[in-house]
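Here's structure.cif, which has mmCIF, C-alpha atoms:
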data_model
loop_
_atom_site.label_atom_id
_atom_site.label_comp_id
_atom_site.auth_asym_id
_atom_site.auth_seq_id
_atom_site.Cartn_x
_atom_site.Cartn_y
_atom_site.Cartn_z
CA MET A 114 69.21 67.08 80.87
CA PHE A 115 69.94 66.29 84.53
CA ASP A 116 68.98 68.64 87.36
CA GLN A 117 71.39 69.37 90.20
CA PRO A 118 69.83 66.97 92.76
CA THR A 119 70.27 64.14 90.26
CA VAL A 120 73.86 65.15 89.58
CA ASP A 121 74.70 65.33 93.29
CA ALA A 122 73.10 61.97 94.10
CA VAL A 123 74.75 60.19 91.18
CA ARG A 124 78.20 61.56 91.97
CA ALA A 125 77.95 60.48 95.61
CA HIS A 126 77.01 56.90 94.75
CA ALA A 127 79.54 56.71 91.92
CA ALA A 128 82.33 57.73 94.26
CA ARG A 129 81.33 55.09 96.80
CA LEU A 130 81.14 52.35 94.17
CA LYS A 131 84.31 53.50 92.37
CA ILE A 132 82.37 54.00 89.14
CA GLU A 133 82.69 56.93 86.77
CA PRO A 134 79.66 59.20 87.28
CA ALA A 135 79.21 59.29 83.49
CA ILE A 136 78.45 55.57 83.56
CA LEU A 137 75.57 55.94 86.01
CA PHE A 138 74.34 58.96 84.06
CA ALA A 139 74.33 56.80 80.92
CA VAL A 140 72.20 54.15 82.63
CA ILE A 141 69.73 56.79 83.83
CA GLU A 142 69.55 58.41 80.40
CA ILE A 143 68.58 55.14 78.71
CA GLU A 144 66.21 54.00 81.44
CA SER A 145 64.30 57.26 81.92
CA GLY A 146 65.56 59.83 79.43
CA GLY A 147 67.13 61.70 82.34
CA ARG A 148 63.70 62.70 83.68
CA SER A 149 62.92 62.15 87.34
CA PHE A 150 59.37 63.38 87.94
CA GLU A 151 56.13 64.11 86.10
CA LEU A 152 53.30 66.29 87.37
CA ILE A 153 50.34 63.99 88.11
CA LYS A 154 47.19 65.65 89.44
CA GLY A 155 49.22 68.48 90.92
CA ARG A 156 51.84 66.24 92.54
CA LYS A 157 55.32 65.36 91.31
CA GLU A 158 55.50 61.61 90.79
CA PRO A 159 58.31 59.34 89.58
CA LEU A 160 58.12 57.95 86.07
CA ILE A 161 56.60 54.48 85.97
CA ARG A 162 56.09 51.64 83.53
CA TRP A 163 53.28 49.12 84.00
CA GLU A 164 53.99 45.39 83.56
CA GLY A 165 50.70 43.56 83.14
CA HIS A 166 52.26 40.08 83.21
CA TYR A 167 53.73 40.79 86.66
CA PHE A 168 50.26 41.77 87.86
CA ASP A 169 48.73 38.66 86.32
CA GLN A 170 51.24 36.40 88.08
CA ARG A 171 50.38 37.92 91.45
CA LEU A 172 46.63 37.47 91.21
CA THR A 173 44.27 34.50 91.38
CA GLY A 174 40.57 33.83 90.95
CA ASP A 175 38.18 36.74 90.77
CA GLU A 176 40.94 39.33 91.14
CA ARG A 177 42.79 37.98 88.11
CA ASP A 178 39.57 37.78 86.10
CA GLU A 179 38.73 41.39 86.93
CA ALA A 180 42.24 42.62 86.10
CA ARG A 181 42.22 40.85 82.73
CA ARG A 182 38.73 42.11 81.95
CA LYS A 183 39.83 45.69 82.65
CA GLY A 184 42.93 45.38 80.48
CA LEU A 185 45.37 45.57 83.38
CA ALA A 186 46.75 42.02 83.34
CA SER A 187 47.78 39.36 80.87
CA PRO A 188 49.81 36.16 81.14
CA ARG A 189 51.86 37.33 78.15
CA ALA A 190 54.69 39.84 78.66
CA GLY A 191 54.14 42.98 76.62
CA ALA A 192 50.48 42.28 75.93
CA ILE A 193 49.37 45.20 78.11
CA LYS A 194 50.67 48.30 76.38
CA ASN A 195 51.84 51.35 78.30
CA PRO A 196 50.22 54.65 77.33
CA ALA A 197 52.68 57.36 76.32
CA SER A 198 51.26 59.62 79.04
CA GLN A 199 52.53 59.19 82.59
CA VAL A 200 49.14 60.48 83.76
CA LYS A 201 47.47 57.48 82.13
CA ARG A 202 50.11 55.08 83.45
CA TRP A 203 49.52 56.31 87.00
CA GLN A 204 45.79 55.88 86.43
CA MET A 205 46.46 52.25 85.46
CA LEU A 206 48.41 51.78 88.69
CA THR A 207 45.61 53.40 90.69
CA ASP A 208 42.97 51.21 89.04
CA ALA A 209 45.09 48.10 89.64
CA SER A 210 45.65 49.01 93.29
CA ARG A 211 41.88 48.96 93.82
CA ILE A 212 41.99 45.27 92.88
CA ASN A 213 45.11 44.37 94.90
CA ARG A 214 47.33 47.14 96.23
CA GLN A 215 50.47 45.12 96.95
CA ALA A 216 50.33 43.23 93.66
CA ALA A 217 49.81 46.49 91.79
CA TYR A 218 52.72 48.30 93.41
CA GLU A 219 54.97 45.31 92.73
CA SER A 220 53.95 45.33 89.05
CA ALA A 221 55.35 48.70 88.02
CA SER A 222 58.90 49.99 87.58
CA TYR A 223 59.79 53.32 89.12
CA GLY A 224 62.11 56.27 88.83
CA VAL A 225 65.28 57.17 86.99
CA GLY A 226 66.47 53.56 87.08
CA GLN A 227 63.08 51.99 86.29
CA VAL A 228 63.39 49.33 88.99
CA MET A 229 60.46 46.96 89.51
CA GLY A 230 58.58 47.25 92.79
CA ALA A 231 58.62 43.44 92.92
CA HIS A 232 62.26 43.62 94.10
CA TRP A 233 61.48 45.59 97.28
CA LYS A 234 62.47 42.81 99.69
CA LYS A 235 65.75 41.95 97.94
CA LEU A 236 66.64 45.66 97.98
CA GLY A 237 66.23 45.84 101.74
CA PHE A 238 62.90 47.63 102.06
CA ALA A 239 60.42 46.72 104.78
CA SER A 240 57.53 46.67 102.30
CA VAL A 241 56.63 47.58 98.74
CA ASP A 242 54.98 50.69 100.16
CA ALA A 243 58.32 51.76 101.63
CA PHE A 244 59.97 51.14 98.26
CA VAL A 245 57.41 53.29 96.43
CA ALA A 246 57.63 56.00 99.10
CA LYS A 247 61.40 56.20 98.54
CA ALA A 248 60.87 56.64 94.79
CA ARG A 249 58.29 59.35 95.39
CA GLU A 250 60.21 61.35 98.00
CA SER A 251 63.11 62.65 95.89
CA VAL A 252 65.35 62.05 92.92
CA ALA A 253 68.04 61.02 95.39
CA GLY A 254 65.67 58.30 96.58
CA GLN A 255 65.21 57.08 93.03
CA VAL A 256 68.96 56.95 92.46
CA GLU A 257 69.35 55.06 95.73
CA ILE A 258 66.84 52.44 94.55
CA MET A 259 68.71 52.03 91.26
CA VAL A 260 72.05 51.65 93.05
CA ARG A 261 70.59 49.20 95.57
CA TYR A 262 69.47 47.09 92.61
CA ILE A 263 72.88 47.28 90.96
CA GLU A 264 74.53 46.14 94.19
CA ALA A 265 71.94 43.49 95.10
CA PHE A 266 72.18 41.84 91.69
CA GLY A 267 75.99 41.94 91.55
CA LEU A 268 76.39 44.42 88.71
CA VAL A 269 78.95 46.80 90.19
CA ASP A 270 81.91 45.03 88.58
CA GLU A 271 80.29 45.24 85.16
CA LEU A 272 79.99 49.01 85.45
CA GLN A 273 83.52 49.37 86.81
CA ARG A 274 84.73 47.51 83.70
CA LYS A 275 82.40 49.56 81.47
CA ASP A 276 80.99 46.27 80.20
CA PHE A 277 77.57 47.51 79.11
CA SER A 278 76.68 44.21 77.45
CA ALA A 279 77.11 42.22 80.68
CA PHE A 280 75.41 44.97 82.66
CA THR A 281 72.39 44.99 80.33
CA ARG A 282 72.00 41.22 80.60
CA GLY A 283 71.83 41.52 84.38
CA TYR A 284 69.81 44.73 84.58
CA ASN A 285 67.38 44.40 81.65
CA GLY A 286 67.55 40.73 80.70
CA PRO A 287 67.55 39.30 77.16
CA ALA A 288 65.02 41.89 76.01
CA GLY A 289 67.54 44.62 76.81
CA ILE A 290 70.20 43.07 74.62
CA LYS A 291 67.68 42.53 71.84
CA GLY A 292 66.64 46.16 72.14
CA GLY A 293 70.24 47.34 71.96
CA TYR A 294 70.24 48.94 75.40
CA HIS A 295 73.93 48.11 75.84
CA LEU A 296 74.78 49.98 72.66
CA LEU A 297 72.65 52.97 73.63
CA MET A 298 74.27 53.12 77.08
CA ALA A 299 77.74 53.00 75.55
CA LYS A 300 76.79 55.75 73.13
CA ALA A 301 75.40 57.88 75.99
CA TYR A 302 78.60 57.30 77.98
CA ALA A 303 80.74 58.31 74.99
CA SER A 304 78.70 61.48 74.48
CA LYS A 305 79.43 62.52 78.07
CA THR A 306 83.12 61.67 78.11
CA GLY A 307 84.32 61.52 74.52
CA LYS A 308 85.53 57.97 75.25
CA ALA A 309 84.15 55.55 72.68
CA LEU A 310 84.39 51.93 73.78
CA ALA A 311 85.84 49.78 70.99
CA SER A 312 84.00 46.63 72.09
CA VAL A 313 80.60 48.25 71.63
CA ALA A 314 81.51 50.61 68.82
CA SER A 315 81.87 47.59 66.54
CA GLY A 316 78.47 46.39 67.73
CA MET A 317 76.96 49.73 66.83
CA LEU A 318 78.39 49.49 63.33
CA ARG A 319 76.97 45.97 62.94
CA MET A 320 73.58 47.11 64.16
CA GLY A 321 73.60 50.04 61.75
CA SER A 322 74.35 47.75 58.81
CA GLN A 323 71.43 45.41 59.49
#

Turn this file's structure into structure tokens for me.
Amino acid sequence: MFDQPTVDAVRAHAARLKIEPAILFAVIEIESGGRSFELIKGRKEPLIRWEGHYFDQRLTGDERDEARRKGLASPRAGAIKNPASQVKRWQMLTDASRINRQAAYESASYGVGQVMGAHWKKLGFASVDAFVAKARESVAGQVEIMVRYIEAFGLVDELQRKDFSAFTRGYNGPAGIKGGYHLLMAKAYASKTGKALASVASGMLRMGSQ
């Protein structure tokens, strides 16, 4: 599932953070299915997800009215659905950038870790354009963005402890827990190492019985 550049980048960061590589691989698998790029108009681009409520929050007046009219923005999270096709998602981003480039780039998540562009400053980038450029340049750049987020939001300890529940709360928020991301990450980790985690295995059984 993972190409060699992804493997090399993940192992390097995992060693620095004293985290099992399989744990970072598990996060990537759940966030992006292990895919790093999609061919968009002849160019390899990182996977993205559009968040219309982020865009709505960053606009005012005529810009917000135009974005809502074109189906690119909504005050309600989840109201703007993402097309299955990455080609169509990138077209949404392109259309949004014609309204407000910075707001548009901040309103999508990028790469193997699906990190929101809105976090560019906290992650140490000079601009959102620099953030997006890093995601577009290589899979190693995408992994770097994901790891910067993990470090900036204090989630290294959670991964060192293999506490996927606590990690999901910090990385994905309440929606991640509701969606069972912590259970899926633990399952992905177990599939790579053969080490089932008892604390989440019981959660999987409960989920399966619902």

Which one is closest to Met205 in chain A: A:Trp163, A:Phe150, A:Tyr284, A:Tyr218? Count only C-alpha atoms. A:Trp163

Quick one: of A:Ile161, A:Ile143, A:Val225, A:Ala125, who's nearest to Val252 in chain A, counting all atoms listed in the file?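 Nearest to Val252 in chain A: A:Val225.
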
Since I can't run it myself right now, could you work out what the PyMOL selection byres ((chain A and resi 264) around 12) selects here and report it as number ranges by chain? A: 126-127, 129-130, 235-237, 257-263, 265-272, 280, 283-284

What's the separation between CA of Pro188 in chain A and CA of Phe168 in chain A, in Å to one decimal place?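 Pair CA of Pro188 in chain A / CA of Phe168 in chain A returns 8.8 Å.
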
d(CA of Ala279 in chain A, CA of His232 in chain A) in Å: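 Going from CA of Ala279 in chain A over to CA of His232 in chain A, I get 20.1 Å.
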
So which residues touch Gln199 in chain A within 8 Å, counting all atoms listed in the file, skipping near sequence neighbours fewer than 5 positions away, as a ChimeraX atom specification? /A:151,153,160-161

Distance query Asp178 in chain A at most 12 Å, all atoms listed in the file, self and fewer than 4 positions along chain excluded, as a list of chain:residue names: A:Phe168, A:Asp169, A:Gln170, A:Leu172, A:Thr173, A:Gly174, A:Arg182, A:Lys183, A:Gly184, A:Leu185, A:Ala186, A:Ser187, A:Pro188, A:Ile212

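Distances here use only C-alpha atoms; by that measure, the residue among A:Ala217, A:Leu152, A:Ala190, A:Leu296 closest to His166 in chain A is A:Ala190.
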
Just the residues within 10 Å of Asp116 in chain A, please, counting only C-alpha atoms, with nothing from its chain fewer than 2 positions along; format it as JSON, numbers by chain. {"A": [114, 118, 119, 120, 121, 147, 148, 149, 252]}

To one decimal place, how far is CA of Glu133 in chain A from CA of Gly293 in chain A in Å?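 Value for the CA of Glu133 in chain A-CA of Gly293 in chain A distance: 21.6 Å.
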
The PyMOL selection byres ((chain A and resi 219) around 7) resolved against shown file, as a PyMOL selection string: chain A and resi 215-218+220-221+229-231+241

Which residues are close to Asp242 in chain A, i.e. within 9 Å by all atoms listed in the file, leaving aside same-chain residues fewer than 2 positions away? Reply as a ChimeraX atom specification. /A:215,218,230,233,238-240,244-247

For Ala135 in chain A, please output as a list in words all residues within 7 Å (counting all atoms listed in the file; exclusion window: fewer than 4 positions along the same chain). Ala139, Tyr302 and Lys305 of chain A

Go through A:Ala303, A:Ala122, A:Ile136, A:Val228 one by one, measure the shortest atom-to-atom distance of each to Pro159 in chain A using all atoms listed in the file, and give the residue with the smallest value. A:Val228

Given only C-alpha atoms as the counted atoms, nearest of A:Arg211, A:Tyr223, A:Gly292, A:Gly165 to Asn195 in chain A: A:Gly165

Draw an axis-aligned box over all listed atoms of range 286-304 of chain A, pad each side with 4 Å, and write its centre and edge lengths in Å, one decimal, as AutoDock Vina command-line options.
--center_x 72.9 --center_y 50.4 --center_z 76.3 --size_x 23.7 --size_y 30.2 --size_z 16.9

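Counting all atoms listed in the file and comparing A:Gly226, A:Arg162, A:Lys154, A:Gly289, the residue that lies closest to Val256 in chain A is A:Gly226.
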
Output requested as an mmCIF file, in the frame of the given file - range 133-149 of chain A, filled out with N, CA, C and O atoms.
data_model
loop_
_atom_site.group_PDB
_atom_site.id
_atom_site.type_symbol
_atom_site.label_atom_id
_atom_site.label_comp_id
_atom_site.auth_asym_id
_atom_site.auth_seq_id
_atom_site.Cartn_x
_atom_site.Cartn_y
_atom_site.Cartn_z
ATOM 1 N N GLU A 133 82.743 55.595 87.364
ATOM 2 C CA GLU A 133 82.690 56.930 86.770
ATOM 3 C C GLU A 133 81.244 57.435 86.825
ATOM 4 O O GLU A 133 80.319 56.708 86.435
ATOM 5 N N PRO A 134 81.016 58.667 87.275
ATOM 6 C CA PRO A 134 79.660 59.200 87.280
ATOM 7 C C PRO A 134 78.991 59.121 85.909
ATOM 8 O O PRO A 134 77.782 58.862 85.809
ATOM 9 N N ALA A 135 79.771 59.317 84.844
ATOM 10 C CA ALA A 135 79.210 59.290 83.490
ATOM 11 C C ALA A 135 78.554 57.952 83.182
ATOM 12 O O ALA A 135 77.612 57.886 82.378
ATOM 13 N N ILE A 136 79.034 56.885 83.806
ATOM 14 C CA ILE A 136 78.450 55.570 83.560
ATOM 15 C C ILE A 136 77.050 55.482 84.167
ATOM 16 O O ILE A 136 76.102 55.012 83.523
ATOM 17 N N LEU A 137 76.898 55.938 85.403
ATOM 18 C CA LEU A 137 75.570 55.940 86.010
ATOM 19 C C LEU A 137 74.638 56.895 85.279
ATOM 20 O O LEU A 137 73.447 56.610 85.107
ATOM 21 N N PHE A 138 75.154 58.031 84.834
ATOM 22 C CA PHE A 138 74.340 58.960 84.060
ATOM 23 C C PHE A 138 73.853 58.300 82.770
ATOM 24 O O PHE A 138 72.721 58.506 82.336
ATOM 25 N N ALA A 139 74.710 57.492 82.151
ATOM 26 C CA ALA A 139 74.330 56.800 80.920
ATOM 27 C C ALA A 139 73.197 55.818 81.177
ATOM 28 O O ALA A 139 72.253 55.716 80.377
ATOM 29 N N VAL A 140 73.269 55.085 82.286
ATOM 30 C CA VAL A 140 72.200 54.150 82.630
ATOM 31 C C VAL A 140 70.889 54.899 82.819
ATOM 32 O O VAL A 140 69.839 54.512 82.283
ATOM 33 N N ILE A 141 70.933 55.993 83.564
ATOM 34 C CA ILE A 141 69.730 56.790 83.830
ATOM 35 C C ILE A 141 69.148 57.346 82.529
ATOM 36 O O ILE A 141 67.929 57.335 82.314
ATOM 37 N N GLU A 142 70.029 57.820 81.655
ATOM 38 C CA GLU A 142 69.550 58.410 80.400
ATOM 39 C C GLU A 142 68.775 57.396 79.569
ATOM 40 O O GLU A 142 67.723 57.711 79.002
ATOM 41 N N ILE A 143 69.259 56.158 79.506
ATOM 42 C CA ILE A 143 68.580 55.140 78.710
ATOM 43 C C ILE A 143 67.323 54.635 79.412
ATOM 44 O O ILE A 143 66.303 54.364 78.768
ATOM 45 N N GLU A 144 67.375 54.522 80.722
ATOM 46 C CA GLU A 144 66.210 54.000 81.440
ATOM 47 C C GLU A 144 65.065 55.006 81.521
ATOM 48 O O GLU A 144 63.896 54.620 81.460
ATOM 49 N N SER A 145 65.379 56.285 81.671
ATOM 50 C CA SER A 145 64.300 57.260 81.920
ATOM 51 C C SER A 145 64.431 58.552 81.123
ATOM 52 O O SER A 145 63.673 59.493 81.357
ATOM 53 N N GLY A 146 65.382 58.605 80.195
ATOM 54 C CA GLY A 146 65.560 59.830 79.430
ATOM 55 C C GLY A 146 66.080 60.978 80.276
ATOM 56 O O GLY A 146 66.015 62.143 79.868
ATOM 57 N N GLY A 147 66.607 60.658 81.464
ATOM 58 C CA GLY A 147 67.130 61.700 82.340
ATOM 59 C C GLY A 147 66.057 62.455 83.104
ATOM 60 O O GLY A 147 66.351 63.393 83.842
ATOM 61 N N ARG A 148 64.798 62.036 82.959
ATOM 62 C CA ARG A 148 63.700 62.700 83.680
ATOM 63 C C ARG A 148 63.464 61.986 85.003
ATOM 64 O O ARG A 148 63.589 60.764 85.092
ATOM 65 N N SER A 149 63.115 62.751 86.021
ATOM 66 C CA SER A 149 62.920 62.150 87.340
ATOM 67 C C SER A 149 61.483 62.199 87.823
ATOM 68 O O SER A 149 61.039 61.298 88.530
#
